[in-house]
>>> print(open('entry_16.txt').read())   # compact mmCIF, C-alpha atoms
# COMPACT_ATOMS: atom_id res chain seq x y z
CA MET A 1006 113.14 86.22 93.80
CA THR A 1007 109.94 84.19 93.91
CA PRO A 1008 106.44 85.12 95.12
CA THR A 1009 107.34 83.53 98.46
CA TYR A 1010 109.11 86.81 99.23
CA TYR A 1011 105.65 88.29 99.73
CA LEU A 1012 105.02 85.63 102.36
CA VAL A 1013 108.22 86.59 104.18
CA LEU A 1014 107.17 90.25 104.09
CA ALA A 1015 103.71 89.34 105.35
CA ALA A 1016 105.24 87.31 108.19
CA ALA A 1017 107.38 90.28 109.18
CA LEU A 1018 104.38 92.62 109.12
CA PHE A 1019 102.30 90.19 111.16
CA THR A 1020 105.05 89.89 113.76
CA ILE A 1021 105.42 93.66 114.01
CA GLY A 1022 101.67 93.97 114.45
CA ALA A 1023 101.63 91.34 117.18
CA MET A 1024 104.49 93.10 118.97
CA GLY A 1025 102.60 96.37 118.74
CA VAL A 1026 99.50 94.82 120.31
CA LEU A 1027 101.62 93.58 123.20
CA VAL A 1028 103.68 96.73 123.72
CA ARG A 1029 101.44 99.71 123.03
CA ARG A 1030 98.99 100.93 125.67
CA ASN A 1031 96.84 103.33 123.66
CA ALA A 1032 93.71 101.39 122.71
CA ILE A 1033 93.46 103.04 119.28
CA VAL A 1034 97.07 102.22 118.40
CA VAL A 1035 96.51 98.64 119.57
CA PHE A 1036 93.58 98.57 117.19
CA MET A 1037 95.73 99.82 114.35
CA CYS A 1038 98.21 97.03 115.06
CA ILE A 1039 95.37 94.52 114.73
CA GLU A 1040 94.52 96.07 111.37
CA LEU A 1041 98.13 95.61 110.34
CA MET A 1042 97.97 91.92 111.27
CA LEU A 1043 94.78 91.51 109.23
CA ASN A 1044 96.47 93.21 106.28
CA ALA A 1045 99.48 90.93 106.54
CA VAL A 1046 97.21 87.89 106.44
CA ASN A 1047 95.44 89.37 103.41
CA LEU A 1048 98.77 89.64 101.63
CA THR A 1049 99.48 85.95 102.29
CA LEU A 1050 96.01 85.04 101.01
CA VAL A 1051 96.51 86.98 97.79
CA THR A 1052 99.95 85.45 97.31
CA PHE A 1053 98.62 81.93 97.95
CA SER A 1054 95.92 82.63 95.41
CA ARG A 1055 98.58 83.40 92.84
CA ILE A 1056 100.73 80.40 93.78
CA ASN A 1057 97.81 77.97 93.60
CA GLY A 1058 96.28 79.50 90.50
CA THR A 1059 92.76 79.78 91.93
CA LEU A 1060 90.83 82.84 93.01
CA ASP A 1061 89.69 81.40 96.35
CA GLY A 1062 92.45 83.23 98.20
CA GLN A 1063 91.35 86.57 96.84
CA ILE A 1064 87.74 85.85 97.79
CA MET A 1065 88.94 85.00 101.29
CA ALA A 1066 90.87 88.27 101.48
CA PHE A 1067 87.72 90.08 100.34
CA PHE A 1068 85.75 88.57 103.21
CA VAL A 1069 88.53 89.40 105.65
CA MET A 1070 88.25 93.04 104.53
CA VAL A 1071 84.48 93.02 105.12
CA VAL A 1072 84.90 91.57 108.60
CA ALA A 1073 87.69 94.03 109.34
CA ALA A 1074 85.46 96.95 108.36
CA ALA A 1075 82.68 95.74 110.68
CA GLU A 1076 85.21 95.10 113.42
CA VAL A 1077 86.68 98.58 113.17
CA VAL A 1078 83.26 100.19 113.44
CA ILE A 1079 82.34 98.22 116.56
CA GLY A 1080 85.79 98.46 118.13
CA LEU A 1081 86.05 102.20 117.73
CA ALA A 1082 82.53 102.62 119.11
CA ILE A 1083 83.55 100.59 122.17
CA ILE A 1084 86.69 102.69 122.59
CA MET A 1085 84.56 105.83 122.38
CA ALA A 1086 82.13 104.47 124.99
CA ILE A 1087 85.01 103.60 127.33
CA PHE A 1088 86.56 107.00 126.76
CA ARG A 1089 83.29 108.70 127.59
CA SER A 1090 82.96 106.94 130.93
CA ARG A 1091 86.63 106.70 131.98
CA ARG A 1092 88.10 109.79 130.25
CA SER A 1093 91.01 107.73 128.93
CA ALA A 1094 91.85 105.67 125.88
CA SER A 1095 94.59 103.70 127.62
CA VAL A 1096 94.09 99.98 128.04
CA ASP A 1097 95.71 100.20 131.48
CA ASP A 1098 92.90 102.39 132.80
CA ALA A 1099 90.13 99.89 132.05
CA ASN A 1100 90.88 97.86 135.17
CA LEU A 1101 87.64 97.76 137.13
CA LEU A 1102 87.53 93.95 137.05
CA LYS A 1103 90.87 93.82 138.81
CA TYR A 1104 89.61 95.14 142.14
CA MET B 1109 95.89 53.92 78.14
CA SER B 1110 98.59 55.41 76.05
CA THR B 1111 96.34 58.28 75.04
CA ALA B 1112 95.59 58.95 78.69
CA LEU B 1113 99.29 58.98 79.47
CA ALA B 1114 99.96 61.25 76.55
CA PHE B 1115 97.16 63.55 77.72
CA ALA B 1116 98.57 63.62 81.23
CA ASP B 1117 101.96 64.35 79.76
CA ALA B 1118 100.58 67.15 77.70
CA VAL B 1119 98.76 68.63 80.70
CA HIS B 1120 101.91 68.37 82.74
CA ALA B 1121 103.96 69.98 80.00
CA HIS B 1122 101.39 72.73 79.70
CA ALA B 1123 101.38 73.30 83.45
CA ALA B 1124 105.16 73.46 83.47
CA ASP B 1125 104.98 75.83 80.55
CA LEU B 1126 102.66 78.09 82.51
CA ALA B 1127 104.65 77.68 85.68
CA ALA B 1128 108.08 78.37 84.30
CA PRO B 1129 107.63 82.07 83.61
CA ALA B 1130 105.57 82.70 86.78
CA ASN B 1131 107.94 81.01 89.18
CA GLU B 1132 110.67 83.58 88.91
CA VAL B 1133 109.72 87.18 89.55
CA LYS B 1134 111.69 89.70 87.62
CA GLY B 1135 111.53 93.02 85.86
CA GLY B 1136 109.16 95.70 87.05
CA GLU B 1137 107.59 93.56 89.74
CA LYS B 1138 110.97 92.91 91.32
CA VAL B 1139 111.81 96.60 91.32
CA ALA B 1140 108.38 97.48 92.75
CA PHE B 1141 108.79 94.86 95.47
CA TRP B 1142 112.18 96.09 96.57
CA ILE B 1143 110.96 99.68 96.66
CA LEU B 1144 107.59 99.07 98.34
CA ALA B 1145 108.57 96.31 100.79
CA PRO B 1146 110.92 98.62 102.76
CA ILE B 1147 108.20 101.29 102.77
CA ALA B 1148 105.67 98.78 104.11
CA LEU B 1149 108.09 97.50 106.75
CA GLY B 1150 109.20 101.00 107.73
CA GLY B 1151 105.58 102.09 108.03
CA ALA B 1152 104.79 99.15 110.27
CA ILE B 1153 107.80 99.73 112.51
CA GLY B 1154 107.12 103.46 112.60
CA MET B 1155 103.54 102.79 113.60
CA VAL B 1156 104.60 100.72 116.59
CA LEU B 1157 107.35 103.13 117.64
CA ALA B 1158 105.65 106.51 117.07
CA ARG B 1159 104.70 108.22 120.32
CA ASN B 1160 101.95 110.29 118.74
CA ALA B 1161 98.88 108.29 117.73
CA ILE B 1162 98.30 110.49 114.65
CA HIS B 1163 101.79 109.65 113.40
CA SER B 1164 101.02 105.97 113.97
CA ALA B 1165 97.92 106.30 111.79
CA LEU B 1166 99.83 108.03 109.00
CA PHE B 1167 102.56 105.37 109.08
CA LEU B 1168 99.88 102.70 108.82
CA VAL B 1169 98.45 104.50 105.77
CA CYS B 1170 101.90 104.16 104.11
CA THR B 1171 101.93 100.42 104.82
CA MET B 1172 98.38 99.92 103.57
CA LEU B 1173 98.98 101.83 100.35
CA SER B 1174 102.03 99.71 99.55
CA LEU B 1175 100.05 96.56 100.34
CA GLY B 1176 97.37 97.77 97.93
CA VAL B 1177 99.98 98.05 95.20
CA PHE B 1178 101.19 94.55 96.11
CA TYR B 1179 97.68 93.21 95.56
CA VAL B 1180 97.56 94.83 92.15
CA ILE B 1181 100.94 93.33 91.27
CA ASN B 1182 99.80 89.92 92.52
CA ALA B 1183 97.06 89.76 89.87
CA GLY B 1184 94.40 91.18 92.18
CA PRO B 1185 93.53 94.63 90.81
CA PHE B 1186 90.06 94.59 92.36
CA LEU B 1187 91.40 93.79 95.82
CA GLY B 1188 94.07 96.45 95.40
CA MET B 1189 91.44 99.09 94.68
CA VAL B 1190 89.26 97.87 97.55
CA GLN B 1191 92.29 98.02 99.81
CA ILE B 1192 92.97 101.63 98.88
CA ILE B 1193 89.34 102.76 98.98
CA VAL B 1194 88.11 100.81 102.01
CA TYR B 1195 91.21 100.57 104.15
CA THR B 1196 93.20 103.72 103.50
CA GLY B 1197 90.10 105.67 102.58
CA ALA B 1198 87.34 104.71 104.96
CA ILE B 1199 88.88 102.80 107.84
CA MET B 1200 91.88 105.05 108.39
CA ILE B 1201 89.70 108.15 108.20
CA LEU B 1202 87.50 106.55 110.85
CA PHE B 1203 90.61 106.00 112.96
CA LEU B 1204 91.72 109.61 112.54
CA PHE B 1205 88.20 110.81 113.31
CA VAL B 1206 88.13 108.89 116.59
CA LEU B 1207 91.65 110.06 117.39
CA MET B 1208 90.55 113.68 116.99
CA LEU B 1209 87.47 113.00 119.10
CA VAL B 1210 89.34 111.22 121.87
CA GLY B 1211 92.13 113.76 121.89
CA ARG B 1212 95.26 113.32 119.93
CA ASP B 1213 97.49 113.92 122.93
CA SER B 1214 96.27 110.75 124.58
CA SER B 1215 99.81 109.47 124.48
CA ASP B 1216 101.04 106.21 125.88
CA SER B 1217 101.96 105.82 129.49
CA ILE B 1218 105.55 104.79 129.99
CA VAL B 1219 104.76 103.02 133.25
CA GLU B 1220 104.63 99.25 132.99
CA GLN B 1221 101.57 97.86 134.70
CA LEU B 1222 102.86 94.31 134.51
CA ARG B 1223 106.48 93.89 135.45
CA GLY B 1224 108.73 92.76 132.60
CA GLN B 1225 105.90 92.91 130.10
CA ARG B 1226 107.90 94.72 127.45
CA LEU B 1227 110.77 92.24 127.72
CA ALA B 1228 108.36 89.32 127.52
CA ALA B 1229 106.69 90.92 124.50
CA ALA B 1230 110.05 91.36 122.78
CA LEU B 1231 111.01 87.73 123.45
CA LEU B 1232 107.64 86.57 122.21
CA GLY B 1233 107.96 88.67 119.09
CA ILE B 1234 111.41 87.32 118.29
CA GLY B 1235 110.17 83.79 118.89
CA LEU B 1236 107.16 84.32 116.65
CA ALA B 1237 109.33 85.84 113.93
CA ALA B 1238 111.78 82.92 114.06
CA MET B 1239 108.98 80.38 114.02
CA VAL B 1240 107.12 81.94 111.10
CA ALA B 1241 110.32 82.56 109.16
CA THR B 1242 111.52 78.96 109.45
CA GLY B 1243 108.04 77.71 108.66
CA VAL B 1244 107.83 79.81 105.51
CA ALA B 1245 111.39 78.99 104.47
CA ARG B 1246 110.92 75.23 104.90
CA ALA B 1247 107.46 75.01 103.42
CA PHE B 1248 108.03 77.13 100.33
CA ASP B 1249 111.51 76.12 99.38
CA ASP B 1250 110.49 74.59 96.07
CA THR B 1251 107.09 76.09 95.42
CA ARG B 1252 105.78 75.84 91.93
CA VAL B 1253 103.87 79.00 91.13
CA VAL B 1254 100.87 78.38 88.90
CA GLY B 1255 99.87 82.00 88.39
CA LEU B 1256 96.38 83.37 87.89
CA GLY B 1257 96.60 83.59 84.10
CA ARG B 1258 94.20 80.74 83.44
CA ALA B 1259 91.82 81.42 86.36
CA THR B 1260 91.21 84.99 85.27
CA GLN B 1261 91.08 84.55 81.53
CA ASP B 1262 88.20 86.97 81.04
CA GLY B 1263 89.37 89.51 83.58
CA ASN B 1264 89.89 89.57 87.31
CA VAL B 1265 86.58 91.18 88.29
CA PRO B 1266 84.31 88.87 86.23
CA ALA B 1267 86.17 85.83 87.55
CA LEU B 1268 85.87 87.07 91.14
CA ALA B 1269 82.19 87.85 90.64
CA ALA B 1270 81.49 84.43 89.12
CA ARG B 1271 83.04 82.76 92.14
CA LEU B 1272 81.55 85.11 94.71
CA PHE B 1273 77.99 84.73 93.46
CA THR B 1274 78.08 80.97 92.95
CA ARG B 1275 80.23 79.06 95.38
CA TYR B 1276 80.49 81.75 98.06
CA VAL B 1277 77.04 83.26 97.67
CA PHE B 1278 75.90 82.13 101.13
CA ALA B 1279 78.90 83.70 102.83
CA PHE B 1280 78.29 86.82 100.78
CA GLU B 1281 74.69 87.02 101.95
CA VAL B 1282 75.67 86.42 105.56
CA THR B 1283 78.07 89.33 105.20
CA SER B 1284 75.13 91.69 104.77
CA ALA B 1285 73.71 90.57 108.10
CA LEU B 1286 77.12 91.15 109.67
CA LEU B 1287 77.37 94.67 108.29
CA ILE B 1288 73.85 95.61 109.40
CA THR B 1289 74.57 94.25 112.87
CA ALA B 1290 77.78 96.24 113.00
CA ALA B 1291 76.05 99.45 111.97
CA LEU B 1292 73.31 98.92 114.57
CA GLY B 1293 75.89 98.07 117.22
CA ALA B 1294 77.86 101.21 116.50
CA MET B 1295 74.71 103.30 116.77
CA VAL B 1296 73.75 101.67 120.09
CA LEU B 1297 77.26 102.09 121.52
CA ALA B 1298 77.66 105.67 120.39
CA PHE B 1299 74.22 106.83 121.47
CA VAL B 1300 74.10 109.01 124.58
CA GLU B 1301 70.72 109.33 126.21
CA ARG B 1302 70.09 112.74 127.75
CA SER B 1303 67.56 112.81 130.55
CA LYS B 1304 64.72 115.38 130.56
CA LYS B 1305 66.01 116.86 133.79
CA ASP B 1306 69.24 118.08 132.20
CA GLN B 1307 67.41 120.11 129.57
CA MET B 1308 66.57 123.75 130.34
CA THR B 1309 62.93 124.78 130.38
CA GLN B 1310 61.76 127.83 128.49
CA ARG B 1311 61.30 129.76 131.73
CA GLN B 1312 64.89 129.08 132.75
CA ARG B 1313 66.10 130.10 129.33
CA SER B 1314 64.30 133.46 129.42
CA ARG B 1315 65.55 134.18 132.94
CA GLU B 1316 69.05 133.32 131.83
CA ARG B 1317 68.78 135.77 128.96
CA VAL B 1318 68.11 138.80 131.15
CA SER B 1319 70.18 137.84 134.15
CA ALA B 1320 72.68 140.30 135.59
CA ASP B 1321 75.65 138.96 133.65
CA SER B 1322 74.10 139.07 130.21
CA TYR B 1323 72.30 142.39 129.62
CA PRO B 1324 70.15 141.78 126.54
CA ALA B 1325 69.93 145.34 125.16
CA PRO B 1326 72.66 146.95 123.05
CA LYS B 1327 75.54 148.33 124.98
CA PRO B 1328 75.64 152.10 125.51
CA GLY B 1329 78.06 153.89 123.23
CA PRO B 1330 81.10 155.75 124.51
CA GLY B 1331 80.39 159.37 125.23
CA VAL B 1332 81.30 162.82 123.98
CA TYR B 1333 81.34 165.15 126.93
CA ALA B 1334 82.43 168.65 127.76
CA THR B 1335 85.75 167.44 129.04
CA SER B 1336 86.58 164.85 126.40
CA ASP B 1337 85.46 163.56 123.02
CA SER B 1338 87.22 160.26 122.86
CA VAL B 1339 85.93 156.74 122.28
CA ALA B 1340 87.94 155.83 125.33
CA THR B 1341 85.55 157.79 127.52
CA PRO B 1342 83.00 155.40 129.02
CA ALA B 1343 79.32 156.21 128.74
CA LEU B 1344 77.34 157.39 131.74
CA LEU B 1345 74.56 155.26 133.08
CA PRO B 1346 71.28 156.84 134.33
CA ASP B 1347 72.55 156.73 137.86
CA GLY B 1348 75.62 158.79 136.91
CA THR B 1349 78.20 156.05 137.10
CA THR B 1350 80.32 155.07 134.13
CA THR B 1351 80.06 151.70 132.44
CA ASP B 1352 83.17 149.95 131.25
CA LYS B 1353 81.12 147.88 128.82
CA SER B 1354 80.73 150.89 126.56
CA VAL B 1355 84.45 151.07 125.84
CA SER B 1356 85.70 148.71 123.20
CA LYS B 1357 88.16 146.19 124.46
CA VAL B 1358 90.45 147.17 121.62
CA VAL B 1359 90.77 150.68 122.94
CA GLN B 1360 93.10 150.71 125.85
CA THR B 1361 93.55 153.74 128.03
CA HIS B 1362 96.91 155.33 127.46
CA GLU B 1363 98.27 157.72 130.06
CA LEU B 1364 100.55 160.29 128.50
CA ASP B 1365 103.73 160.51 130.49
CA ALA B 1366 106.97 162.36 129.95
CA ALA B 1367 108.55 159.53 127.99
CA THR B 1368 105.71 159.42 125.42
CA THR B 1369 105.42 163.17 124.87
CA LYS B 1370 109.15 163.78 124.56
CA ALA B 1371 110.18 165.01 121.12
CA LYS B 1372 111.68 162.17 119.15
CA GLY B 1373 114.68 162.22 116.86
>>> encode(input="entry_16.txt", output="structure tokens")
Amino acid sequence: MTPTYYLVLAAALFTIGAMGVLVRRNAIVVFMCIELMLNAVNLTLVTFSRINGTLDGQIMAFFVMVVAAAEVVIGLAIIMAIFRSRRSASVDDANLLKY
Amino acid sequence: MSTALAFADAVHAHAADLAAPANEVKGGEKVAFWILAPIALGGAIGMVLARNAIHSALFLVCTMLSLGVFYVINAGPFLGMVQIIVYTGAIMILFLFVLMLVGRDSSDSIVEQLRGQRLAAALLGIGLAAMVATGVARAFDDTRVVGLGRATQDGNVPALAARLFTRYVFAFEVTSALLITAALGAMVLAFVERSKKDQMTQRQRSRERVSADSYPAPKPGPGVYATSDSVATPALLPDGTTTDKSVSKVVQTHELDAATTKAKG
């Protein structure tokens, strides 16, 4: 095997995460799927860093982690705010714009 | 000219020398990959399929831990540790915290709001998988792996730090602004303003304390009277009536009937 196997694994994880975002209705689980996609991309970045022999990929993954942490904080706060006003964490129930 | 050529040759030979051992992965890394990759994949699939959101979170923890080990294997020990501490430590705990707050039985609705959405999602997923797989397979057929041996000669963390605080120092500084904004945003979003009208005044509180339902003094004890001396006998109030509050809830009144008093055995 070669390090490209990591890329195949990361592609599979990313696809599963994307499917989860499309299929699941619980906002928190959708959020977890997004985290999975970010993690898959991080794995590709680390692997690319090793393939290319420079540390830029790892730095990039580091910044992705920082952004993901900020994103989780804000996203979960938004989910909490929606839950407080609509009493539901389902993405189907946030449909006021529809009517 | 010839020296330049020779130099280029030497560099090439050196690069090939470095590349040859790194290109093929074997030994412990191979074993670790084939053990952890199924765990990571299974965790991801379990996360999408689990009905309970808590189970989803725990499956995701499995995936993230194995990814952390992958980072360590891929010559990124610092990132591996950050992955375990920040992702599986902080972020997943935050997820679980919000899940407990929102109610862990907030399960998914089975009803499809958009018709055929699940089918479309499945098709899209298969298409995405095929596209990415062919892309990866075609692009990395004959990849030459350089390896991080030379880039991290004096350790992974010093090399990362040298790069982070020179070339990427601006991005690093901007990150602080991002994190402060996120913290402020979370505080603003999570803050609930209570109006003055909803709060009880002191007068209301004191009235509440002595209202009919909540008698503030100690409860009268159960009585010992001429006819009975049992804790199940309720105390008499000044007006002669009995008060049920004096009898402990643990003590239940038992009527002796024939079945109970019959000699046993």
>>> interface_residues(input="entry_16.txt", of="chain A", to="chain B", cutoff="7 Å", atoms="all atoms listed in the file", output="ChimeraX atom specification")
/A:1006-1009,1013,1016-1018,1020-1021,1024-1025,1027-1028,1030-1031,1034,1051-1052,1055-1060,1064,1067,1074-1075,1078-1079,1082-1083,1086,1094
>>> atom_distance(input="entry_16.txt", atom1="atom CA of A:Phe1036", atom2="atom CA of A:Glu1076")
9.8 Å
>>> closest_residue(input="entry_16.txt", among="B:Leu1173, B:Ser1314, B:Ile1143, B:Gly1331", to="B:Val1355", atoms="all atoms listed in the file")
B:Gly1331
>>> atom_distance(input="entry_16.txt", atom1="atom CA of A:Met1042", atom2="atom CA of B:Gly1136")
26.9 Å
>>> atom_distance(input="entry_16.txt", atom1="atom CA of B:Thr1351", atom2="atom CA of B:Arg1313")
25.9 Å
>>> closest_residue(input="entry_16.txt", among="A:Arg1091, A:Leu1014, A:Gly1062, A:Val1077", to="A:Ala1045", atoms="only C-alpha atoms")
A:Leu1014
>>> closest_residue(input="entry_16.txt", among="A:Ala1015, A:Met1037, A:Leu1081, A:Leu1101", to="A:Phe1053", atoms="all atoms listed in the file")
A:Ala1015
>>> axis_aligned_box(input="entry_16.txt", around="stretch 1193-1211 of chain B", padding_each_side="6 Å", output="lines of an AutoDock Vina configuration file")
center_x = 90.3
center_y = 107.2
center_z = 110.4
size_x = 17.9
size_y = 25.2
size_z = 34.9
>>> build_atoms(input="entry_16.txt", residues="stretch 1013-1037 of chain A", atoms="N, CA, C and O atoms", output="mmCIF file, keeping the file's coordinate frame")
data_model
loop_
_atom_site.group_PDB
_atom_site.id
_atom_site.type_symbol
_atom_site.label_atom_id
_atom_site.label_comp_id
_atom_site.auth_asym_id
_atom_site.auth_seq_id
_atom_site.Cartn_x
_atom_site.Cartn_y
_atom_site.Cartn_z
ATOM 1 N N VAL A 1013 107.252 86.165 103.157
ATOM 2 C CA VAL A 1013 108.220 86.590 104.180
ATOM 3 C C VAL A 1013 107.866 87.992 104.664
ATOM 4 O O VAL A 1013 107.851 88.267 105.876
ATOM 5 N N LEU A 1014 107.559 88.874 103.716
ATOM 6 C CA LEU A 1014 107.170 90.250 104.090
ATOM 7 C C LEU A 1014 105.927 90.227 104.969
ATOM 8 O O LEU A 1014 105.864 90.916 105.995
ATOM 9 N N ALA A 1015 104.939 89.405 104.576
ATOM 10 C CA ALA A 1015 103.710 89.340 105.350
ATOM 11 C C ALA A 1015 103.986 88.816 106.754
ATOM 12 O O ALA A 1015 103.420 89.311 107.734
ATOM 13 N N ALA A 1016 104.889 87.828 106.865
ATOM 14 C CA ALA A 1016 105.240 87.310 108.190
ATOM 15 C C ALA A 1016 105.858 88.398 109.045
ATOM 16 O O ALA A 1016 105.533 88.548 110.225
ATOM 17 N N ALA A 1017 106.746 89.188 108.428
ATOM 18 C CA ALA A 1017 107.380 90.280 109.180
ATOM 19 C C ALA A 1017 106.331 91.283 109.644
ATOM 20 O O ALA A 1017 106.333 91.705 110.811
ATOM 21 N N LEU A 1018 105.414 91.646 108.748
ATOM 22 C CA LEU A 1018 104.380 92.620 109.120
ATOM 23 C C LEU A 1018 103.504 92.085 110.236
ATOM 24 O O LEU A 1018 103.164 92.796 111.184
ATOM 25 N N PHE A 1019 103.154 90.795 110.130
ATOM 26 C CA PHE A 1019 102.300 90.190 111.160
ATOM 27 C C PHE A 1019 103.007 90.224 112.514
ATOM 28 O O PHE A 1019 102.417 90.552 113.540
ATOM 29 N N THR A 1020 104.304 89.888 112.507
ATOM 30 C CA THR A 1020 105.050 89.890 113.760
ATOM 31 C C THR A 1020 105.111 91.289 114.362
ATOM 32 O O THR A 1020 104.938 91.460 115.571
ATOM 33 N N ILE A 1021 105.364 92.283 113.499
ATOM 34 C CA ILE A 1021 105.420 93.660 114.010
ATOM 35 C C ILE A 1021 104.076 94.060 114.608
ATOM 36 O O ILE A 1021 104.002 94.667 115.684
ATOM 37 N N GLY A 1022 102.991 93.661 113.926
ATOM 38 C CA GLY A 1022 101.670 93.970 114.450
ATOM 39 C C GLY A 1022 101.422 93.309 115.799
ATOM 40 O O GLY A 1022 100.905 93.933 116.722
ATOM 41 N N ALA A 1023 101.825 92.052 115.911
ATOM 42 C CA ALA A 1023 101.630 91.340 117.180
ATOM 43 C C ALA A 1023 102.430 91.994 118.297
ATOM 44 O O ALA A 1023 101.933 92.171 119.420
ATOM 45 N N MET A 1024 103.679 92.391 117.978
ATOM 46 C CA MET A 1024 104.490 93.100 118.970
ATOM 47 C C MET A 1024 103.807 94.391 119.398
ATOM 48 O O MET A 1024 103.782 94.727 120.585
ATOM 49 N N GLY A 1025 103.257 95.106 118.414
ATOM 50 C CA GLY A 1025 102.600 96.370 118.740
ATOM 51 C C GLY A 1025 101.421 96.162 119.681
ATOM 52 O O GLY A 1025 101.240 96.915 120.625
ATOM 53 N N VAL A 1026 100.635 95.105 119.428
ATOM 54 C CA VAL A 1026 99.500 94.820 120.310
ATOM 55 C C VAL A 1026 99.990 94.585 121.724
ATOM 56 O O VAL A 1026 99.387 95.033 122.696
ATOM 57 N N LEU A 1027 101.136 93.895 121.858
ATOM 58 C CA LEU A 1027 101.620 93.580 123.200
ATOM 59 C C LEU A 1027 102.244 94.785 123.881
ATOM 60 O O LEU A 1027 102.184 94.911 125.103
ATOM 61 N N VAL A 1028 102.878 95.677 123.111
ATOM 62 C CA VAL A 1028 103.680 96.730 123.720
ATOM 63 C C VAL A 1028 102.891 98.013 123.933
ATOM 64 O O VAL A 1028 102.989 98.637 124.983
ATOM 65 N N ARG A 1029 102.078 98.405 122.926
ATOM 66 C CA ARG A 1029 101.440 99.710 123.030
ATOM 67 C C ARG A 1029 100.289 99.694 124.028
ATOM 68 O O ARG A 1029 99.656 98.657 124.231
ATOM 69 N N ARG A 1030 100.027 100.848 124.651
ATOM 70 C CA ARG A 1030 98.990 100.930 125.670
ATOM 71 C C ARG A 1030 97.785 101.742 125.222
ATOM 72 O O ARG A 1030 96.733 101.672 125.825
ATOM 73 N N ASN A 1031 97.966 102.551 124.168
ATOM 74 C CA ASN A 1031 96.840 103.330 123.660
ATOM 75 C C ASN A 1031 95.903 102.402 122.884
ATOM 76 O O ASN A 1031 96.321 101.728 121.947
ATOM 77 N N ALA A 1032 94.644 102.372 123.288
ATOM 78 C CA ALA A 1032 93.710 101.390 122.710
ATOM 79 C C ALA A 1032 93.590 101.565 121.202
ATOM 80 O O ALA A 1032 93.474 100.587 120.462
ATOM 81 N N ILE A 1033 93.631 102.811 120.725
ATOM 82 C CA ILE A 1033 93.460 103.040 119.280
ATOM 83 C C ILE A 1033 94.669 102.525 118.519
ATOM 84 O O ILE A 1033 94.538 101.940 117.444
ATOM 85 N N VAL A 1034 95.868 102.718 119.088
ATOM 86 C CA VAL A 1034 97.070 102.220 118.400
ATOM 87 C C VAL A 1034 97.076 100.693 118.418
ATOM 88 O O VAL A 1034 97.473 100.056 117.432
ATOM 89 N N VAL A 1035 96.625 100.104 119.521
ATOM 90 C CA VAL A 1035 96.510 98.640 119.570
ATOM 91 C C VAL A 1035 95.600 98.153 118.450
ATOM 92 O O VAL A 1035 95.871 97.162 117.768
ATOM 93 N N PHE A 1036 94.531 98.919 118.246
ATOM 94 C CA PHE A 1036 93.580 98.570 117.190
ATOM 95 C C PHE A 1036 94.217 98.655 115.809
ATOM 96 O O PHE A 1036 93.993 97.802 114.954
ATOM 97 N N MET A 1037 95.035 99.690 115.632
ATOM 98 C CA MET A 1037 95.730 99.820 114.350
ATOM 99 C C MET A 1037 96.676 98.645 114.122
ATOM 100 O O MET A 1037 96.836 98.170 112.994
#
